[in-house]
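J.: Have a peek at input.cif (mmCIF, N, CA and C atoms).
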```
data_protein
#
loop_
_atom_site.label_atom_id
_atom_site.label_comp_id
_atom_site.auth_asym_id
_atom_site.auth_seq_id
_atom_site.Cartn_x
_atom_site.Cartn_y
_atom_site.Cartn_z
N MET A 374 -65.74 -22.25 -26.62
CA MET A 374 -64.38 -22.14 -26.10
C MET A 374 -64.42 -22.26 -24.59
N GLY A 375 -63.56 -23.11 -24.03
CA GLY A 375 -63.51 -23.31 -22.59
C GLY A 375 -62.75 -22.19 -21.91
N HIS A 376 -62.35 -22.48 -20.71
CA HIS A 376 -61.58 -21.49 -19.95
C HIS A 376 -60.20 -21.33 -20.56
N PRO A 377 -59.67 -20.11 -20.57
CA PRO A 377 -58.34 -19.91 -21.14
C PRO A 377 -57.28 -20.64 -20.31
N THR A 378 -56.27 -21.15 -21.01
CA THR A 378 -55.15 -21.81 -20.32
C THR A 378 -53.88 -20.99 -20.42
N ALA A 379 -53.94 -19.90 -21.19
CA ALA A 379 -52.76 -19.04 -21.36
C ALA A 379 -53.21 -17.59 -21.46
N VAL A 380 -52.25 -16.71 -21.19
CA VAL A 380 -52.49 -15.27 -21.21
C VAL A 380 -51.33 -14.61 -21.95
N LEU A 381 -51.67 -13.67 -22.83
CA LEU A 381 -50.66 -12.82 -23.45
C LEU A 381 -50.48 -11.63 -22.52
N ARG A 382 -49.26 -11.41 -22.09
CA ARG A 382 -48.97 -10.36 -21.11
C ARG A 382 -47.98 -9.36 -21.70
N CYS A 383 -48.39 -8.09 -21.73
CA CYS A 383 -47.50 -6.99 -22.13
C CYS A 383 -47.20 -6.17 -20.88
N THR A 384 -45.93 -6.02 -20.57
CA THR A 384 -45.51 -5.24 -19.40
C THR A 384 -44.26 -4.45 -19.77
N PRO A 385 -44.00 -3.37 -19.02
CA PRO A 385 -42.76 -2.63 -19.28
C PRO A 385 -41.54 -3.54 -19.08
N ARG A 386 -40.49 -3.26 -19.83
CA ARG A 386 -39.26 -4.04 -19.75
C ARG A 386 -38.64 -4.00 -18.35
N ILE A 387 -37.98 -5.08 -18.03
CA ILE A 387 -37.17 -5.12 -16.81
C ILE A 387 -35.78 -4.62 -17.20
N GLU A 388 -35.29 -3.65 -16.47
CA GLU A 388 -33.96 -3.11 -16.76
C GLU A 388 -33.08 -3.23 -15.54
N VAL A 389 -31.81 -3.55 -15.77
CA VAL A 389 -30.80 -3.59 -14.73
C VAL A 389 -29.66 -2.70 -15.19
N ASN A 390 -29.35 -1.70 -14.39
CA ASN A 390 -28.30 -0.73 -14.74
C ASN A 390 -28.52 -0.12 -16.11
N GLY A 391 -29.77 0.17 -16.45
CA GLY A 391 -30.11 0.82 -17.70
C GLY A 391 -30.11 -0.10 -18.91
N VAL A 392 -29.92 -1.40 -18.70
CA VAL A 392 -29.90 -2.36 -19.80
C VAL A 392 -31.12 -3.27 -19.68
N SER A 393 -31.86 -3.39 -20.77
CA SER A 393 -33.05 -4.24 -20.79
C SER A 393 -32.63 -5.70 -20.71
N ILE A 394 -33.29 -6.46 -19.82
CA ILE A 394 -32.97 -7.88 -19.70
C ILE A 394 -34.18 -8.76 -20.00
N ASP A 395 -35.22 -8.18 -20.53
CA ASP A 395 -36.42 -8.95 -20.79
C ASP A 395 -37.17 -8.36 -21.98
N LEU A 396 -38.16 -9.10 -22.44
CA LEU A 396 -39.04 -8.63 -23.50
C LEU A 396 -40.23 -7.90 -22.88
N ASN A 397 -40.94 -7.14 -23.70
CA ASN A 397 -42.17 -6.49 -23.26
C ASN A 397 -43.36 -7.43 -23.25
N LEU A 398 -43.25 -8.58 -23.93
CA LEU A 398 -44.41 -9.45 -23.97
C LEU A 398 -44.01 -10.91 -23.91
N HIS A 399 -44.91 -11.69 -23.31
CA HIS A 399 -44.76 -13.13 -23.19
C HIS A 399 -46.15 -13.75 -23.20
N VAL A 400 -46.20 -15.02 -23.58
CA VAL A 400 -47.39 -15.82 -23.36
C VAL A 400 -47.07 -16.70 -22.16
N VAL A 401 -47.94 -16.62 -21.15
CA VAL A 401 -47.70 -17.36 -19.91
C VAL A 401 -48.90 -18.25 -19.61
N ASP A 402 -48.63 -19.31 -18.84
CA ASP A 402 -49.74 -20.14 -18.39
C ASP A 402 -50.39 -19.48 -17.18
N LEU A 403 -51.39 -20.13 -16.61
CA LEU A 403 -52.13 -19.51 -15.52
C LEU A 403 -51.35 -19.45 -14.21
N LYS A 404 -50.15 -20.05 -14.19
CA LYS A 404 -49.26 -19.92 -13.04
C LYS A 404 -48.12 -18.95 -13.34
N ALA A 405 -48.29 -18.16 -14.42
CA ALA A 405 -47.35 -17.12 -14.85
C ALA A 405 -46.02 -17.68 -15.34
N ARG A 406 -45.99 -18.93 -15.77
CA ARG A 406 -44.77 -19.52 -16.35
C ARG A 406 -44.77 -19.24 -17.86
N ILE A 407 -43.63 -18.77 -18.36
CA ILE A 407 -43.50 -18.47 -19.78
C ILE A 407 -43.66 -19.76 -20.59
N LEU A 408 -44.50 -19.69 -21.63
CA LEU A 408 -44.69 -20.82 -22.53
C LEU A 408 -43.68 -20.69 -23.68
N GLN A 409 -42.66 -21.52 -23.64
CA GLN A 409 -41.53 -21.40 -24.57
C GLN A 409 -41.95 -21.51 -26.04
N ARG A 410 -43.01 -22.25 -26.33
CA ARG A 410 -43.37 -22.43 -27.74
C ARG A 410 -43.79 -21.12 -28.41
N PHE A 411 -44.04 -20.07 -27.62
CA PHE A 411 -44.44 -18.77 -28.17
C PHE A 411 -43.32 -17.72 -28.12
N GLU A 412 -42.15 -18.10 -27.65
CA GLU A 412 -41.10 -17.10 -27.45
C GLU A 412 -40.54 -16.55 -28.76
N PHE A 413 -40.46 -17.33 -29.85
CA PHE A 413 -40.02 -16.77 -31.13
C PHE A 413 -40.97 -15.66 -31.54
N MET A 414 -42.28 -15.91 -31.42
CA MET A 414 -43.27 -14.90 -31.79
C MET A 414 -43.08 -13.65 -30.92
N CYS A 415 -42.97 -13.85 -29.62
CA CYS A 415 -42.86 -12.70 -28.71
C CYS A 415 -41.58 -11.91 -28.97
N GLU A 416 -40.48 -12.61 -29.18
CA GLU A 416 -39.22 -11.92 -29.44
C GLU A 416 -39.26 -11.17 -30.77
N ALA A 417 -39.84 -11.81 -31.79
CA ALA A 417 -39.93 -11.16 -33.10
C ALA A 417 -40.78 -9.89 -33.02
N ILE A 418 -41.92 -9.97 -32.36
CA ILE A 418 -42.80 -8.79 -32.23
C ILE A 418 -42.10 -7.71 -31.42
N ASP A 419 -41.50 -8.09 -30.29
CA ASP A 419 -40.82 -7.13 -29.42
C ASP A 419 -39.65 -6.45 -30.15
N ASN A 420 -38.88 -7.22 -30.90
CA ASN A 420 -37.71 -6.66 -31.59
C ASN A 420 -38.07 -5.81 -32.79
N ASP A 421 -39.14 -6.18 -33.50
CA ASP A 421 -39.42 -5.56 -34.79
C ASP A 421 -40.52 -4.50 -34.78
N ILE A 422 -41.25 -4.38 -33.68
CA ILE A 422 -42.26 -3.32 -33.58
C ILE A 422 -41.81 -2.38 -32.47
N GLN A 423 -41.34 -1.20 -32.88
CA GLN A 423 -40.82 -0.24 -31.90
C GLN A 423 -41.86 0.79 -31.48
N ASN A 424 -42.82 1.08 -32.35
CA ASN A 424 -43.80 2.12 -32.01
C ASN A 424 -45.10 1.82 -32.75
N PRO A 425 -46.20 2.39 -32.28
CA PRO A 425 -47.48 2.08 -32.91
C PRO A 425 -47.65 2.70 -34.29
N GLU A 426 -47.00 3.82 -34.55
CA GLU A 426 -47.24 4.54 -35.81
C GLU A 426 -46.46 3.91 -36.96
N GLY A 427 -45.17 3.76 -36.84
CA GLY A 427 -44.35 3.28 -37.95
C GLY A 427 -44.41 1.78 -38.12
N SER A 428 -43.55 1.08 -37.40
CA SER A 428 -43.47 -0.37 -37.57
C SER A 428 -44.75 -1.06 -37.12
N GLY A 429 -45.39 -0.57 -36.08
CA GLY A 429 -46.66 -1.16 -35.62
C GLY A 429 -47.73 -1.07 -36.70
N ALA A 430 -47.87 0.10 -37.30
CA ALA A 430 -48.87 0.30 -38.36
C ALA A 430 -48.55 -0.58 -39.57
N SER A 431 -47.27 -0.73 -39.88
CA SER A 431 -46.86 -1.55 -41.02
C SER A 431 -47.25 -3.01 -40.81
N PHE A 432 -46.99 -3.55 -39.63
CA PHE A 432 -47.35 -4.94 -39.35
C PHE A 432 -48.87 -5.11 -39.33
N LEU A 433 -49.60 -4.13 -38.82
CA LEU A 433 -51.07 -4.21 -38.84
C LEU A 433 -51.60 -4.18 -40.27
N ARG A 434 -50.98 -3.39 -41.14
CA ARG A 434 -51.38 -3.36 -42.56
C ARG A 434 -51.20 -4.74 -43.19
N GLY A 435 -50.09 -5.38 -42.89
CA GLY A 435 -49.85 -6.72 -43.41
C GLY A 435 -50.91 -7.71 -42.95
N ILE A 436 -51.30 -7.62 -41.69
CA ILE A 436 -52.36 -8.49 -41.16
C ILE A 436 -53.66 -8.25 -41.91
N ARG A 437 -54.00 -7.00 -42.15
CA ARG A 437 -55.24 -6.66 -42.88
C ARG A 437 -55.20 -7.19 -44.32
N GLN A 438 -54.03 -7.12 -44.96
CA GLN A 438 -53.90 -7.62 -46.33
C GLN A 438 -54.17 -9.13 -46.38
N ILE A 439 -53.71 -9.84 -45.38
CA ILE A 439 -53.98 -11.28 -45.30
C ILE A 439 -55.46 -11.52 -45.04
N GLU A 440 -56.03 -10.78 -44.09
CA GLU A 440 -57.44 -10.95 -43.73
C GLU A 440 -58.38 -10.69 -44.90
N THR A 441 -58.09 -9.67 -45.68
CA THR A 441 -58.99 -9.30 -46.79
C THR A 441 -58.75 -10.15 -48.04
N GLY A 442 -57.72 -11.00 -48.01
CA GLY A 442 -57.44 -11.83 -49.17
C GLY A 442 -56.63 -11.13 -50.24
N GLU A 443 -56.18 -9.91 -49.93
CA GLU A 443 -55.37 -9.16 -50.90
C GLU A 443 -54.11 -9.94 -51.26
N THR A 444 -53.59 -10.68 -50.29
CA THR A 444 -52.42 -11.54 -50.52
C THR A 444 -52.54 -12.75 -49.61
N ARG A 445 -51.83 -13.81 -49.97
CA ARG A 445 -51.87 -15.04 -49.16
C ARG A 445 -50.55 -15.30 -48.45
N TYR A 446 -49.55 -14.45 -48.70
CA TYR A 446 -48.25 -14.65 -48.06
C TYR A 446 -47.50 -13.34 -47.99
N ILE A 447 -47.01 -13.02 -46.79
CA ILE A 447 -46.18 -11.83 -46.61
C ILE A 447 -44.94 -12.24 -45.81
N PRO A 448 -43.75 -12.02 -46.37
CA PRO A 448 -42.54 -12.18 -45.57
C PRO A 448 -42.22 -10.81 -44.94
N ALA A 449 -42.76 -10.56 -43.75
CA ALA A 449 -42.63 -9.25 -43.10
C ALA A 449 -41.24 -9.14 -42.47
N ASP A 450 -40.40 -8.38 -43.13
CA ASP A 450 -39.00 -8.23 -42.75
C ASP A 450 -38.86 -7.08 -41.74
N GLY A 451 -38.34 -7.41 -40.57
CA GLY A 451 -38.12 -6.38 -39.55
C GLY A 451 -36.64 -6.19 -39.30
N ASN A 452 -36.31 -5.61 -38.15
CA ASN A 452 -34.92 -5.35 -37.79
C ASN A 452 -34.14 -6.61 -37.47
N ALA A 453 -34.82 -7.60 -36.87
CA ALA A 453 -34.12 -8.79 -36.40
C ALA A 453 -34.75 -10.10 -36.86
N TRP A 454 -35.97 -10.03 -37.40
CA TRP A 454 -36.71 -11.23 -37.75
C TRP A 454 -37.44 -11.05 -39.07
N ILE A 455 -37.76 -12.16 -39.71
CA ILE A 455 -38.74 -12.19 -40.79
C ILE A 455 -39.92 -12.98 -40.24
N ALA A 456 -41.09 -12.37 -40.25
CA ALA A 456 -42.32 -13.07 -39.88
C ALA A 456 -42.96 -13.51 -41.19
N HIS A 457 -43.06 -14.81 -41.39
CA HIS A 457 -43.69 -15.37 -42.58
C HIS A 457 -45.17 -15.53 -42.27
N ILE A 458 -46.01 -14.69 -42.89
CA ILE A 458 -47.43 -14.61 -42.52
C ILE A 458 -48.28 -15.19 -43.65
N THR A 459 -49.14 -16.17 -43.30
CA THR A 459 -50.13 -16.72 -44.22
C THR A 459 -51.48 -16.69 -43.49
N PRO A 460 -52.58 -16.95 -44.17
CA PRO A 460 -53.88 -16.94 -43.50
C PRO A 460 -54.04 -18.02 -42.42
N GLU A 461 -53.23 -19.06 -42.48
CA GLU A 461 -53.36 -20.15 -41.52
C GLU A 461 -52.27 -20.14 -40.45
N VAL A 462 -51.05 -19.85 -40.84
CA VAL A 462 -49.91 -20.01 -39.95
C VAL A 462 -48.92 -18.86 -40.13
N VAL A 463 -48.23 -18.54 -39.03
CA VAL A 463 -47.16 -17.55 -39.04
C VAL A 463 -45.95 -18.21 -38.37
N TRP A 464 -44.78 -18.09 -38.99
CA TRP A 464 -43.57 -18.59 -38.38
C TRP A 464 -42.48 -17.56 -38.54
N PHE A 465 -41.36 -17.78 -37.86
CA PHE A 465 -40.37 -16.72 -37.69
C PHE A 465 -38.98 -17.22 -38.07
N GLU A 466 -38.23 -16.32 -38.70
CA GLU A 466 -36.87 -16.61 -39.10
C GLU A 466 -35.98 -15.48 -38.59
N GLY A 467 -35.06 -15.84 -37.70
CA GLY A 467 -34.14 -14.84 -37.16
C GLY A 467 -33.10 -14.43 -38.18
N LEU A 468 -32.82 -13.14 -38.26
CA LEU A 468 -31.82 -12.64 -39.20
C LEU A 468 -30.41 -12.71 -38.64
N TYR A 469 -30.27 -13.04 -37.35
CA TYR A 469 -28.96 -13.07 -36.70
C TYR A 469 -28.77 -14.37 -35.94
N SER A 470 -29.03 -15.49 -36.59
CA SER A 470 -28.81 -16.83 -36.02
C SER A 470 -29.68 -17.14 -34.80
N GLN A 471 -30.85 -16.47 -34.67
CA GLN A 471 -31.75 -16.79 -33.56
C GLN A 471 -32.49 -18.10 -33.81
N GLY A 472 -32.52 -18.54 -35.06
CA GLY A 472 -33.22 -19.77 -35.40
C GLY A 472 -34.42 -19.49 -36.28
N GLU A 473 -35.14 -20.56 -36.60
CA GLU A 473 -36.34 -20.46 -37.42
C GLU A 473 -37.38 -21.41 -36.86
N GLY A 474 -38.65 -21.00 -36.91
CA GLY A 474 -39.73 -21.86 -36.43
C GLY A 474 -40.72 -21.05 -35.61
N GLY A 475 -41.12 -21.62 -34.47
CA GLY A 475 -42.06 -20.93 -33.60
C GLY A 475 -43.42 -20.73 -34.21
N ALA A 476 -43.88 -21.69 -35.01
CA ALA A 476 -45.16 -21.54 -35.72
C ALA A 476 -46.31 -21.31 -34.77
N VAL A 477 -47.16 -20.34 -35.13
CA VAL A 477 -48.39 -20.03 -34.41
C VAL A 477 -49.50 -19.88 -35.44
N THR A 478 -50.73 -19.92 -34.99
CA THR A 478 -51.83 -19.68 -35.91
C THR A 478 -51.92 -18.19 -36.23
N PHE A 479 -52.55 -17.89 -37.36
CA PHE A 479 -52.72 -16.50 -37.75
C PHE A 479 -53.48 -15.74 -36.66
N ARG A 480 -54.53 -16.35 -36.08
CA ARG A 480 -55.30 -15.61 -35.07
C ARG A 480 -54.47 -15.35 -33.81
N GLN A 481 -53.56 -16.25 -33.45
CA GLN A 481 -52.69 -16.00 -32.30
C GLN A 481 -51.75 -14.83 -32.60
N TYR A 482 -51.16 -14.84 -33.79
CA TYR A 482 -50.26 -13.76 -34.18
C TYR A 482 -50.98 -12.42 -34.23
N LYS A 483 -52.15 -12.41 -34.86
CA LYS A 483 -52.93 -11.18 -34.97
C LYS A 483 -53.23 -10.61 -33.58
N LEU A 484 -53.68 -11.45 -32.66
CA LEU A 484 -53.98 -11.00 -31.30
C LEU A 484 -52.73 -10.43 -30.63
N ALA A 485 -51.58 -11.11 -30.81
CA ALA A 485 -50.35 -10.64 -30.18
C ALA A 485 -49.92 -9.29 -30.74
N VAL A 486 -49.96 -9.13 -32.06
CA VAL A 486 -49.54 -7.85 -32.67
C VAL A 486 -50.50 -6.74 -32.27
N GLU A 487 -51.80 -6.97 -32.38
CA GLU A 487 -52.77 -5.92 -32.01
C GLU A 487 -52.63 -5.52 -30.54
N THR A 488 -52.44 -6.48 -29.67
CA THR A 488 -52.30 -6.18 -28.24
C THR A 488 -51.01 -5.41 -27.98
N TYR A 489 -49.93 -5.82 -28.63
CA TYR A 489 -48.66 -5.15 -28.42
C TYR A 489 -48.68 -3.71 -28.94
N VAL A 490 -49.30 -3.50 -30.08
CA VAL A 490 -49.41 -2.13 -30.61
C VAL A 490 -50.25 -1.28 -29.66
N ARG A 491 -51.32 -1.86 -29.12
CA ARG A 491 -52.13 -1.14 -28.13
C ARG A 491 -51.30 -0.80 -26.89
N PHE A 492 -50.47 -1.73 -26.43
CA PHE A 492 -49.58 -1.49 -25.29
C PHE A 492 -48.61 -0.34 -25.59
N LEU A 493 -48.01 -0.36 -26.77
CA LEU A 493 -47.06 0.70 -27.14
C LEU A 493 -47.75 2.05 -27.30
N SER A 494 -49.05 2.05 -27.60
CA SER A 494 -49.80 3.30 -27.77
C SER A 494 -50.09 4.00 -26.45
N ASP A 495 -49.98 3.28 -25.35
CA ASP A 495 -50.29 3.84 -24.03
C ASP A 495 -49.07 4.57 -23.48
N PRO A 496 -49.15 5.90 -23.34
CA PRO A 496 -47.99 6.64 -22.84
C PRO A 496 -47.56 6.23 -21.43
N GLU A 497 -48.49 5.63 -20.67
CA GLU A 497 -48.15 5.19 -19.31
C GLU A 497 -47.64 3.75 -19.27
N SER A 498 -47.68 3.06 -20.40
CA SER A 498 -47.23 1.66 -20.50
C SER A 498 -47.85 0.77 -19.43
N LYS A 499 -49.17 0.93 -19.25
CA LYS A 499 -49.87 0.09 -18.27
C LYS A 499 -49.88 -1.35 -18.78
N PRO A 500 -49.63 -2.31 -17.89
CA PRO A 500 -49.65 -3.71 -18.31
C PRO A 500 -51.00 -4.11 -18.91
N ILE A 501 -50.95 -5.01 -19.88
CA ILE A 501 -52.14 -5.56 -20.52
C ILE A 501 -52.04 -7.08 -20.44
N GLU A 502 -53.14 -7.71 -20.09
CA GLU A 502 -53.23 -9.17 -20.15
C GLU A 502 -54.51 -9.54 -20.87
N VAL A 503 -54.41 -10.43 -21.86
CA VAL A 503 -55.58 -10.91 -22.59
C VAL A 503 -55.51 -12.43 -22.68
N PRO A 504 -56.67 -13.09 -22.62
CA PRO A 504 -56.67 -14.55 -22.82
C PRO A 504 -56.06 -14.87 -24.19
N PHE A 505 -55.23 -15.91 -24.22
CA PHE A 505 -54.54 -16.28 -25.45
C PHE A 505 -55.06 -17.64 -25.92
N PRO A 506 -55.49 -17.74 -27.19
CA PRO A 506 -56.07 -19.00 -27.67
C PRO A 506 -55.06 -20.15 -27.64
N ASP A 507 -55.53 -21.29 -27.21
CA ASP A 507 -54.69 -22.48 -27.11
C ASP A 507 -54.85 -23.33 -28.37
N ASP A 508 -54.55 -22.74 -29.53
CA ASP A 508 -54.65 -23.45 -30.79
C ASP A 508 -53.51 -24.47 -30.89
N PRO A 509 -53.77 -25.60 -31.57
CA PRO A 509 -52.67 -26.55 -31.80
C PRO A 509 -51.58 -25.88 -32.65
N THR A 510 -50.33 -26.30 -32.43
CA THR A 510 -49.22 -25.75 -33.20
C THR A 510 -49.37 -26.17 -34.65
N PRO A 511 -49.46 -25.21 -35.57
CA PRO A 511 -49.65 -25.55 -36.99
C PRO A 511 -48.34 -25.97 -37.66
N ALA A 512 -48.46 -26.71 -38.73
CA ALA A 512 -47.30 -27.08 -39.54
C ALA A 512 -46.89 -25.89 -40.40
N ILE A 513 -45.61 -25.76 -40.63
CA ILE A 513 -45.09 -24.70 -41.51
C ILE A 513 -45.23 -25.19 -42.95
N PRO A 514 -45.93 -24.42 -43.79
CA PRO A 514 -46.14 -24.86 -45.18
C PRO A 514 -44.92 -24.65 -46.05
N GLU A 515 -44.89 -25.31 -47.17
CA GLU A 515 -43.88 -25.06 -48.20
C GLU A 515 -44.33 -23.80 -48.97
N ILE A 516 -43.45 -22.84 -49.08
CA ILE A 516 -43.75 -21.60 -49.83
C ILE A 516 -42.85 -21.60 -51.07
N SER A 517 -43.49 -21.44 -52.21
CA SER A 517 -42.69 -21.42 -53.45
C SER A 517 -42.72 -20.06 -54.10
#
```
What is this file in structure tokens?
T.:
Amino acid sequence: MGHPTAVLRCTPRIEVNGVSIDLNLHVVDLKARILQRFEFMCEAIDNDIQNPEGSGASFLRGIRQIETGETRYIPADGNAWIAHITPEVVWFEGLYSQGEGGAVTFRQYKLAVETYVRFLSDPESKPIEVPFPDDPTPAIPEIS
């Protein structure tokens, strides 16, 4: 693997007059520009994982079930999104007209969820940055 070209960044929300105007996580390039192709994933994780114990633990359980082969497909239904998780690809379906798509590889999704849960576990909400794999965008499979 060469040098990373992207970074997953978890930071405390930006708030204006007590209203959040940003997500807690983004995938950015090395010039700190948000990579739009990952925003469905970031928004879905940010909206649907509120804490490390409840929703965070539930999403991590789903990842483990895929990893161990216990199942090959999980439609992980959250508050605002459905994350369609398979061993190869994960894509997102908004429950409130946000759209559908944003396909990422399973390893990209797993890294994002694990990092975000770790961020939420820190009572001081210290920023976290990790190299993010530059996998090609996978095709969304037909699920029957």
J.: Could you state the separation of atom N of Asn390 of chain A and atom CA of Thr488 of chain A in Å, given to one decimal place?
T.: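 Atom-to-atom, atom N of Asn390 of chain A and atom CA of Thr488 of chain A are spaced 27.2 Å apart.
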J.: Which value, in Å to one decimal, gives the distance between atom CA of Pro377 of chain A and atom CA of Asn397 of chain A?
T.: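 Going from atom CA of Pro377 of chain A over to atom CA of Asn397 of chain A, I get 21.1 Å.
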J.: Got a sec to resolve the PyMOL selection byres ((chain A and resi 474) around 8) on this structure and send the residues as a list in words?
T.: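 On this input, the PyMOL selection byres ((chain A and resi 474) around 8) captures Arg410, Phe413, Met414, Val463, Trp464, Phe465, Glu466, Gly467, Gln471, Gly472, Glu473, Gly475, Ala476, Val477 and Ile513 of chain A.
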J.: Suppose you want the space between atom C of Glu502 of chain A and atom CA of Leu408 of chain A; what is it in Å?
T.: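 Straight-line distance from atom C of Glu502 of chain A to atom CA of Leu408 of chain A works out to 15.0 Å.
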J.: Can you work out which one of A:Glu443, A:Asn424, A:Leu468, A:Thr510 has the shortest atom-to-atom distance to Ile455 of chain A, counting all atoms listed in the file?
T.: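 The closest residue to Ile455 of chain A is A:Leu468.
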J.: For segment 378-389 of chain A, please output as a list of chain:residue names all residues within 6.5 Å (counting all atoms listed in the file; exclusion window: fewer than 3 positions along the same chain).
T.: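 So, after excluding close chain neighbours, the residues are A:Val392, A:Ser393, A:Ile394, A:Asp395, A:Leu396, A:Asn397, A:Leu398, A:His399, A:Val400, A:Val401, A:Asp402, A:Leu403, A:Ser498, A:Lys499, A:Pro500, A:Ile501, A:Glu502, A:Val503, A:Pro504, A:Phe505, A:Pro506, A:Asp507.
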J.: Residues of chain A classed as strand (DSSP E or B) by DSSP on the backbone are to be reported as number ranges by chain.
T.: A: 379-383, 388-389, 392-393, 398-402, 407, 447-450, 454-458, 462-467, 473-478, 501-504
J.: Report the residues of segment 378-517 of chain A whose backbone DSSP state falls under helix (DSSP H, G or I), written as a PyMOL selection string.
T.: chain A and resi 409-421+428-440+479-494
J.: What are the centre and the three edge lengths of an axis-aligned box that wraps all atoms of segment 441-450 of chain A in the file, given that 5 Å is added to every side, written as AutoDock Vina command-line options and rounded to one decimal in Å?
T.:
```
--center_x -48.9 --center_y -11.2 --center_z -46.5 --size_x 30.1 --size_y 18.2 --size_z 19.5
```
J.: Around (-38.8, -9.5, -44.1) in the file's frame, which residues reach within 12 Å when counting only C-alpha atoms? Return as an MDAnalysis selection string?
T.: chainID A and resid 417 421 431:432 435 446:458 464:468
J.: Can you work out which one of A:Leu484, A:Leu493, A:Glu461, A:Tyr469 has the shortest atom-to-atom distance to Pro514 of chain A, counting only C-alpha atoms?
T.: A:Glu461
J.: Missing atoms in segment 449-454 of chain A: fill them in up to all heavy atoms and send the result as a PDB file, keeping the file's coordinate frame.
T.:
```
ATOM      1  N   ALA A 449     -42.760 -10.560 -43.750  1.00  0.00           N
ATOM      2  CA  ALA A 449     -42.630  -9.250 -43.100  1.00  0.00           C
ATOM      3  C   ALA A 449     -41.240  -9.140 -42.470  1.00  0.00           C
ATOM      4  O   ALA A 449     -40.956  -9.718 -41.430  1.00  0.00           O
ATOM      5  CB  ALA A 449     -43.729  -9.078 -42.056  1.00  0.00           C
ATOM      6  N   ASP A 450     -40.400  -8.380 -43.130  1.00  0.00           N
ATOM      7  CA  ASP A 450     -39.000  -8.230 -42.750  1.00  0.00           C
ATOM      8  C   ASP A 450     -38.860  -7.080 -41.740  1.00  0.00           C
ATOM      9  O   ASP A 450     -39.218  -5.951 -42.037  1.00  0.00           O
ATOM     10  CB  ASP A 450     -38.194  -7.933 -44.017  1.00  0.00           C
ATOM     11  CG  ASP A 450     -36.711  -8.118 -43.834  1.00  0.00           C
ATOM     12  OD1 ASP A 450     -36.259  -8.249 -42.684  1.00  0.00           O
ATOM     13  OD2 ASP A 450     -36.002  -8.118 -44.860  1.00  0.00           O
ATOM     14  N   GLY A 451     -38.340  -7.410 -40.570  1.00  0.00           N
ATOM     15  CA  GLY A 451     -38.120  -6.380 -39.550  1.00  0.00           C
ATOM     16  C   GLY A 451     -36.640  -6.190 -39.300  1.00  0.00           C
ATOM     17  O   GLY A 451     -35.795  -6.556 -40.119  1.00  0.00           O
ATOM     18  N   ASN A 452     -36.310  -5.610 -38.150  1.00  0.00           N
ATOM     19  CA  ASN A 452     -34.920  -5.350 -37.790  1.00  0.00           C
ATOM     20  C   ASN A 452     -34.140  -6.610 -37.470  1.00  0.00           C
ATOM     21  O   ASN A 452     -32.948  -6.694 -37.717  1.00  0.00           O
ATOM     22  CB  ASN A 452     -34.841  -4.423 -36.578  1.00  0.00           C
ATOM     23  CG  ASN A 452     -35.340  -3.043 -36.890  1.00  0.00           C
ATOM     24  OD1 ASN A 452     -35.198  -2.563 -37.993  1.00  0.00           O
ATOM     25  ND2 ASN A 452     -35.945  -2.417 -35.910  1.00  0.00           N
ATOM     26  N   ALA A 453     -34.820  -7.600 -36.870  1.00  0.00           N
ATOM     27  CA  ALA A 453     -34.120  -8.790 -36.400  1.00  0.00           C
ATOM     28  C   ALA A 453     -34.750 -10.100 -36.860  1.00  0.00           C
ATOM     29  O   ALA A 453     -34.152 -11.151 -36.717  1.00  0.00           O
ATOM     30  CB  ALA A 453     -34.065  -8.774 -34.864  1.00  0.00           C
ATOM     31  N   TRP A 454     -35.970 -10.030 -37.400  1.00  0.00           N
ATOM     32  CA  TRP A 454     -36.710 -11.230 -37.750  1.00  0.00           C
ATOM     33  C   TRP A 454     -37.440 -11.050 -39.070  1.00  0.00           C
ATOM     34  O   TRP A 454     -37.771  -9.928 -39.457  1.00  0.00           O
ATOM     35  CB  TRP A 454     -37.770 -11.527 -36.681  1.00  0.00           C
ATOM     36  CG  TRP A 454     -37.211 -11.875 -35.357  1.00  0.00           C
ATOM     37  CD1 TRP A 454     -36.830 -11.003 -34.369  1.00  0.00           C
ATOM     38  CD2 TRP A 454     -36.963 -13.180 -34.849  1.00  0.00           C
ATOM     39  NE1 TRP A 454     -36.366 -11.690 -33.294  1.00  0.00           N
ATOM     40  CE2 TRP A 454     -36.442 -13.031 -33.555  1.00  0.00           C
ATOM     41  CE3 TRP A 454     -37.147 -14.466 -35.369  1.00  0.00           C
ATOM     42  CZ2 TRP A 454     -36.094 -14.127 -32.761  1.00  0.00           C
ATOM     43  CZ3 TRP A 454     -36.808 -15.552 -34.577  1.00  0.00           C
ATOM     44  CH2 TRP A 454     -36.280 -15.381 -33.290  1.00  0.00           C
TER      45      TRP A 454
END
```
